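Asks: Got a structure here, written out as structure tokens. Questions coming.
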Amino acid sequence: MIPLYELLHPFGVVAGQHVVDNISGDSLNERWTTGNFTGGTPVFTMIDGIDEGFEIDSGSSSANKGGFIAFNGIRQYDNTLVALIASMKFMDTTVILANVGLQGDSPNFTKDRLESRLDTNTSSNILLLTKDASTSSSVDSGLAADTNWHTHDLKLDSIAAKQWIDGTFKGIKTTNLPTTALEPTFFVVQRGTTSKEARIRYIEVYNIA
């Protein structure tokens with residue numbers, strides 16, 4: 001039997017930080033912390049359905065409130081050489097902000113971010129967003145958001161952030177890159193007065209050795 005380590009890394013290379021979560025069972029792995037955004041009352045649910053993963057319901061009657069999962073401020077991933085792969089599904093594509101990615105300021109979300117996101121206040125397409133210590137910007141993938149599962153692949157080095165969706169290259173950014181260590185996050189906010197949901201069923205993050 002070939003060890004998983006050897007499939008991922010030559011034995012002469014010391015592995016960096018690496019997490020894989022299939023997000024299965026009746027509760028999240030204890031590595032995750034749940035939280036609310038701007039005083040929302042989000043609902044967190046492992047879905048009882050085939051391949052349906054974990055859901056965040058923003059759960060409020062006020063705009064710009066929601067919830068997130070993160071590593072409770074434990075930032076183990078290198079902002080100059082890191083990769084993330086995740087399977088995410090929007091349950092609605094109107095009046096919603098939802099993203100999966102990496103950020104360096106949990107639970108504030110005010111700086112240092114790398115995200116594959118839908119924000120209908122900005123576009124009906126999926127975006128690649130980055131933020132440094134003060135300024136965010138995004139590029140449009142050209143892919144309209146829908147309610148199907150999609151695989152989001154993000155890579156970040158000291159020069160650029162890149163995005164693939166379902167294996168197809170979608171965008172590159174060289175400005176406003178994160179400036180500090182990062183942790184994985186999944187985030188859902190309603191942009192109106194009706195609660196919104198998104199789901200995740202796989203996430204993998206690793207420092208590129």
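Simple scheme: letters A, B, ... for chains in structure tokens order, numbers from 1 for residues in each chain, numbers from 1 for ligands in the order shown.
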Got a sec: who's within 7 Å of range 191-195 of chain A, counting only C-alpha atoms, leaving out chain neighbours fewer than 4 positions off, as an MDAnalysis selection string?
Replies: chainID A and resid 57:64 95:97
Asks: Could you dump the residues just selected with N, CA and C atoms as an mmCIF file, in the first residue's frame?
Replies:
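Contents of part39.cif, freshly written:
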data_model
loop_
_atom_site.group_PDB
_atom_site.id
_atom_site.type_symbol
_atom_site.label_atom_id
_atom_site.label_comp_id
_atom_site.auth_asym_id
_atom_site.auth_seq_id
_atom_site.Cartn_x
_atom_site.Cartn_y
_atom_site.Cartn_z
ATOM 1 N N ASP A 57 -27.809 28.975 7.214
ATOM 2 C CA ASP A 57 -28.994 29.786 6.942
ATOM 3 C C ASP A 57 -28.781 31.107 7.666
ATOM 4 N N SER A 58 -28.818 32.219 6.933
ATOM 5 C CA SER A 58 -28.527 33.519 7.549
ATOM 6 C C SER A 58 -29.495 33.839 8.683
ATOM 7 N N GLY A 59 -30.725 33.357 8.606
ATOM 8 C CA GLY A 59 -31.635 33.297 9.733
ATOM 9 C C GLY A 59 -32.071 34.599 10.353
ATOM 10 N N SER A 60 -32.198 35.663 9.576
ATOM 11 C CA SER A 60 -32.556 36.947 10.164
ATOM 12 C C SER A 60 -33.691 37.592 9.386
ATOM 13 N N SER A 61 -34.225 38.664 9.926
ATOM 14 C CA SER A 61 -35.229 39.464 9.211
ATOM 15 C C SER A 61 -34.677 40.826 8.838
ATOM 16 N N SER A 62 -33.362 40.996 8.996
ATOM 17 C CA SER A 62 -32.708 42.270 8.683
ATOM 18 C C SER A 62 -31.595 42.050 7.665
ATOM 19 N N ALA A 63 -31.371 43.039 6.833
ATOM 20 C CA ALA A 63 -30.348 42.934 5.793
ATOM 21 C C ALA A 63 -28.945 42.932 6.382
ATOM 22 N N ASN A 64 -28.035 42.302 5.643
ATOM 23 C CA ASN A 64 -26.603 42.292 5.934
ATOM 24 C C ASN A 64 -26.266 41.609 7.261
ATOM 25 N N VAL A 95 -30.249 38.379 -3.841
ATOM 26 C CA VAL A 95 -30.162 39.115 -2.564
ATOM 27 C C VAL A 95 -29.342 38.328 -1.533
ATOM 28 N N ILE A 96 -28.152 37.874 -1.939
ATOM 29 C CA ILE A 96 -27.314 37.021 -1.101
ATOM 30 C C ILE A 96 -25.835 37.367 -1.278
ATOM 31 N N LEU A 97 -25.102 37.187 -0.204
ATOM 32 C CA LEU A 97 -23.639 37.177 -0.232
ATOM 33 C C LEU A 97 -23.199 35.849 0.374
#
Asks: Got a sec: who's within 6 Å of Gly66 in chain A, counting only C-alpha atoms, leaving out chain neighbours fewer than 2 positions off, as a compact mmCIF listing (two decimals) with C-alpha atoms, in the first residue's frame?
Replies:
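Listed below is the output, out20.txt:
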# COMPACT_ATOMS: atom_id res chain seq x y z
CA ASN A 36 -22.69 35.36 13.56
CA PHE A 37 -22.05 38.40 11.41
CA GLY A 40 -27.39 37.94 13.01
CA PRO A 42 -27.75 32.17 11.77
CA SER A 58 -28.53 33.52 7.55
CA VAL A 188 -23.41 33.44 4.21
CA VAL A 189 -25.16 36.83 4.54
Asks: So which residues touch range 29-33 of chain A within 8 Å, counting only C-alpha atoms, skipping near sequence neighbours fewer than 4 positions away, as an MDAnalysis selection string?
Replies: chainID A and resid 23 69:72
Asks: Just C-alpha atoms for this one: save the residues we selected as a short mmCIF file (atom, residue, chain, number, x, y, z; two decimals), in the first residue's frame.
Replies:
data_model
loop_
_atom_site.label_atom_id
_atom_site.label_comp_id
_atom_site.auth_asym_id
_atom_site.auth_seq_id
_atom_site.Cartn_x
_atom_site.Cartn_y
_atom_site.Cartn_z
CA ILE A 23 -18.02 17.58 6.16
CA ILE A 69 -17.60 28.95 10.11
CA ALA A 70 -13.86 29.41 10.62
CA PHE A 71 -10.90 28.11 12.63
CA ASN A 72 -11.54 30.48 15.56
#
Asks: Using only C-alpha atoms, which of the listed residues (A:Phe68, A:Tyr206, A:Tyr77, A:Tyr5) sits closest to Gly104 in chain A?
Replies: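 Using only C-alpha atoms, the shortest distance to Gly104 in chain A belongs to A:Tyr77.
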Asks: At a cut-off of 7 Å, using only C-alpha atoms, what residues contact Asp112 in chain A? Leave out same-chain residues fewer than 5 positions from it and give the result as a PyMOL selection string.
Replies: chain A and resi 103-105+131-133+178-180
Asks: Residues within 6 Å of range 84-92 of chain A, please, as a PyMOL selection string. Count only C-alpha atoms; anything in the same chain fewer than 4 positions from it doesn't count.
Replies: chain A and resi 147-154+197-205
Asks: Would you put the residues from that selection into a file with C-alpha atoms, as a PDB file, in the first residue's frame?
Replies:
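Printed below is again31.pdb as written:
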ATOM      1  CA  THR A 147     -28.093  26.473  -7.457  1.00  0.00           C
ATOM      2  CA  ASN A 148     -25.877  23.544  -8.476  1.00  0.00           C
ATOM      3  CA  TRP A 149     -22.761  22.259  -6.718  1.00  0.00           C
ATOM      4  CA  HIS A 150     -19.491  23.689  -8.038  1.00  0.00           C
ATOM      5  CA  THR A 151     -15.857  23.086  -7.149  1.00  0.00           C
ATOM      6  CA  HIS A 152     -13.929  26.249  -6.328  1.00  0.00           C
ATOM      7  CA  ASP A 153     -10.142  26.127  -6.565  1.00  0.00           C
ATOM      8  CA  LEU A 154      -8.093  29.074  -5.292  1.00  0.00           C
ATOM      9  CA  GLU A 197     -28.750  29.693   2.571  1.00  0.00           C
ATOM     10  CA  ALA A 198     -25.653  28.115   1.068  1.00  0.00           C
ATOM     11  CA  ARG A 199     -24.041  24.704   1.554  1.00  0.00           C
ATOM     12  CA  ILE A 200     -20.561  23.198   1.610  1.00  0.00           C
ATOM     13  CA  ARG A 201     -19.611  19.516   1.490  1.00  0.00           C
ATOM     14  CA  TYR A 202     -15.833  19.443   0.984  1.00  0.00           C
ATOM     15  CA  ILE A 203     -12.905  21.707   1.774  1.00  0.00           C
ATOM     16  CA  GLU A 204      -9.173  21.166   1.466  1.00  0.00           C
ATOM     17  CA  VAL A 205      -6.500  23.722   2.320  1.00  0.00           C
TER      18      VAL A 205
END
Asks: Do you have the CA of Lys111 in chain A-CA of Met46 in chain A distance handy?
Replies: 29.0 Å
Asks: Would you mind listing what lies within 8 Å of Lys155 in chain A as number ranges by chain, with only C-alpha atoms counted and same-chain residues fewer than 4 positions away left out?
Replies: A: 81-84, 161-163
Asks: One number please: CA of Pro107 in chain A to CA of Asn22 in chain A, in Å, one decimal.
Replies: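 About the pair CA of Pro107 in chain A and CA of Asn22 in chain A: they are 23.2 Å apart.
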Asks: Write out as an MDAnalysis selection string all residues of range 97-174 of chain A that DSSP puts in strand (DSSP E) for this structure's backbone.
Replies: chainID A and resid 97:103 113:119 125:131 136:144 149:157 161:165 168:173
Asks: For the selection just defined, write its residues with C-alpha atoms to a file, as a PDB file, in the first residue's frame.
Replies:
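Written file, again30.pdb:
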ATOM      1  CA  LEU A  97     -23.639  37.177  -0.232  1.00  0.00           C
ATOM      2  CA  ALA A  98     -21.945  33.802   0.120  1.00  0.00           C
ATOM      3  CA  ASN A  99     -18.321  32.778  -0.169  1.00  0.00           C
ATOM      4  CA  VAL A 100     -15.706  30.187   0.580  1.00  0.00           C
ATOM      5  CA  GLY A 101     -12.072  31.082   1.006  1.00  0.00           C
ATOM      6  CA  LEU A 102      -9.352  32.206   3.381  1.00  0.00           C
ATOM      7  CA  GLN A 103      -9.160  35.237   5.635  1.00  0.00           C
ATOM      8  CA  ARG A 113      -9.125  37.835   2.381  1.00  0.00           C
ATOM      9  CA  LEU A 114      -9.119  35.464  -0.593  1.00  0.00           C
ATOM     10  CA  GLU A 115     -12.593  34.334  -1.675  1.00  0.00           C
ATOM     11  CA  SER A 116     -14.664  32.736  -4.363  1.00  0.00           C
ATOM     12  CA  ARG A 117     -17.905  34.592  -3.804  1.00  0.00           C
ATOM     13  CA  LEU A 118     -21.359  35.557  -4.936  1.00  0.00           C
ATOM     14  CA  ASP A 119     -22.493  39.032  -3.898  1.00  0.00           C
ATOM     15  CA  ASN A 125     -21.720  36.198 -11.452  1.00  0.00           C
ATOM     16  CA  ILE A 126     -19.228  34.464  -9.177  1.00  0.00           C
ATOM     17  CA  LEU A 127     -16.271  36.681  -8.299  1.00  0.00           C
ATOM     18  CA  LEU A 128     -12.657  36.263  -7.231  1.00  0.00           C
ATOM     19  CA  LEU A 129     -12.139  38.700  -4.356  1.00  0.00           C
ATOM     20  CA  THR A 130      -8.957  39.636  -2.528  1.00  0.00           C
ATOM     21  CA  LYS A 131      -8.315  42.104   0.252  1.00  0.00           C
ATOM     22  CA  SER A 136     -10.619  44.904  -1.401  1.00  0.00           C
ATOM     23  CA  SER A 137     -11.170  44.372  -5.101  1.00  0.00           C
ATOM     24  CA  SER A 138     -12.525  41.628  -7.329  1.00  0.00           C
ATOM     25  CA  VAL A 139     -12.574  40.220 -10.833  1.00  0.00           C
ATOM     26  CA  ASP A 140     -15.645  38.714 -12.460  1.00  0.00           C
ATOM     27  CA  SER A 141     -15.423  35.034 -13.416  1.00  0.00           C
ATOM     28  CA  GLY A 142     -18.034  35.462 -16.144  1.00  0.00           C
ATOM     29  CA  LEU A 143     -19.873  32.460 -14.695  1.00  0.00           C
ATOM     30  CA  ALA A 144     -23.446  33.163 -13.631  1.00  0.00           C
ATOM     31  CA  TRP A 149     -22.761  22.259  -6.718  1.00  0.00           C
ATOM     32  CA  HIS A 150     -19.491  23.689  -8.038  1.00  0.00           C
ATOM     33  CA  THR A 151     -15.857  23.086  -7.149  1.00  0.00           C
ATOM     34  CA  HIS A 152     -13.929  26.249  -6.328  1.00  0.00           C
ATOM     35  CA  ASP A 153     -10.142  26.127  -6.565  1.00  0.00           C
ATOM     36  CA  LEU A 154      -8.093  29.074  -5.292  1.00  0.00           C
ATOM     37  CA  LYS A 155      -4.324  29.489  -5.302  1.00  0.00           C
ATOM     38  CA  LEU A 156      -2.366  32.361  -3.806  1.00  0.00           C
ATOM     39  CA  ASP A 157       1.297  33.250  -3.933  1.00  0.00           C
ATOM     40  CA  ALA A 161      -4.359  35.031  -6.710  1.00  0.00           C
ATOM     41  CA  LYS A 162      -5.957  32.621  -9.185  1.00  0.00           C
ATOM     42  CA  GLN A 163      -9.402  31.029  -9.447  1.00  0.00           C
ATOM     43  CA  TRP A 164     -10.690  27.899 -11.152  1.00  0.00           C
ATOM     44  CA  ILE A 165     -14.313  26.731 -11.077  1.00  0.00           C
ATOM     45  CA  THR A 168     -11.830  25.822 -15.712  1.00  0.00           C
ATOM     46  CA  PHE A 169      -9.562  28.817 -15.153  1.00  0.00           C
ATOM     47  CA  LYS A 170     -11.661  31.887 -14.361  1.00  0.00           C
ATOM     48  CA  GLY A 171      -9.495  34.725 -13.140  1.00  0.00           C
ATOM     49  CA  ILE A 172      -6.273  36.176 -11.800  1.00  0.00           C
ATOM     50  CA  LYS A 173      -5.577  39.146  -9.517  1.00  0.00           C
TER      51      LYS A 173
END
Asks: Near Gly16 in chain A, within 8 Å and counting only C-alpha atoms, which residues show up once chain neighbours fewer than 2 positions away are dropped, as a tab-separated table (two decimals) with C-alpha atoms, in the first residue's frame?
Replies:
chain	number	residue	atom	x	y	z
A	14	VAL	CA	8.52	17.99	4.70
A	18	HIS	CA	-2.80	20.52	5.28
A	206	TYR	CA	-2.74	23.31	2.18
A	207	ASN	CA	0.45	25.27	2.22
A	208	ILE	CA	2.29	24.54	-1.00
A	209	ALA	CA	5.62	22.94	-0.09
Asks: Enter the distance from CA of Ala160 in chain A to CA of Arg75 in chain A, in Å, rounded to one decimal.
Replies: 19.9 Å
Asks: Could you find all residues in range 3-194 of chain A that DSSP calls helix (DSSP H, G or I) from the backbone, and write them as an NGL selection string?
Replies: :A and (4-8)
Asks: Compare A:Val43, A:Leu4, A:Val19, A:Ile56 by their minimum atom-to-atom distance to Glu183 in chain A, counting only C-alpha atoms, and give me the closest one.
Replies: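 Checking each of A:Val43, A:Leu4, A:Val19, A:Ile56 against Glu183 in chain A, counting only C-alpha atoms, the winner is A:Val19.
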Asks: Of the residues A:Gly67, A:Gly25, A:Gly53, A:Gly35, which is the one nearest to Gln190 in chain A, using only C-alpha atoms?
Replies: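 Nearest candidate to Gln190 in chain A out of A:Gly67, A:Gly25, A:Gly53, A:Gly35: A:Gly67.
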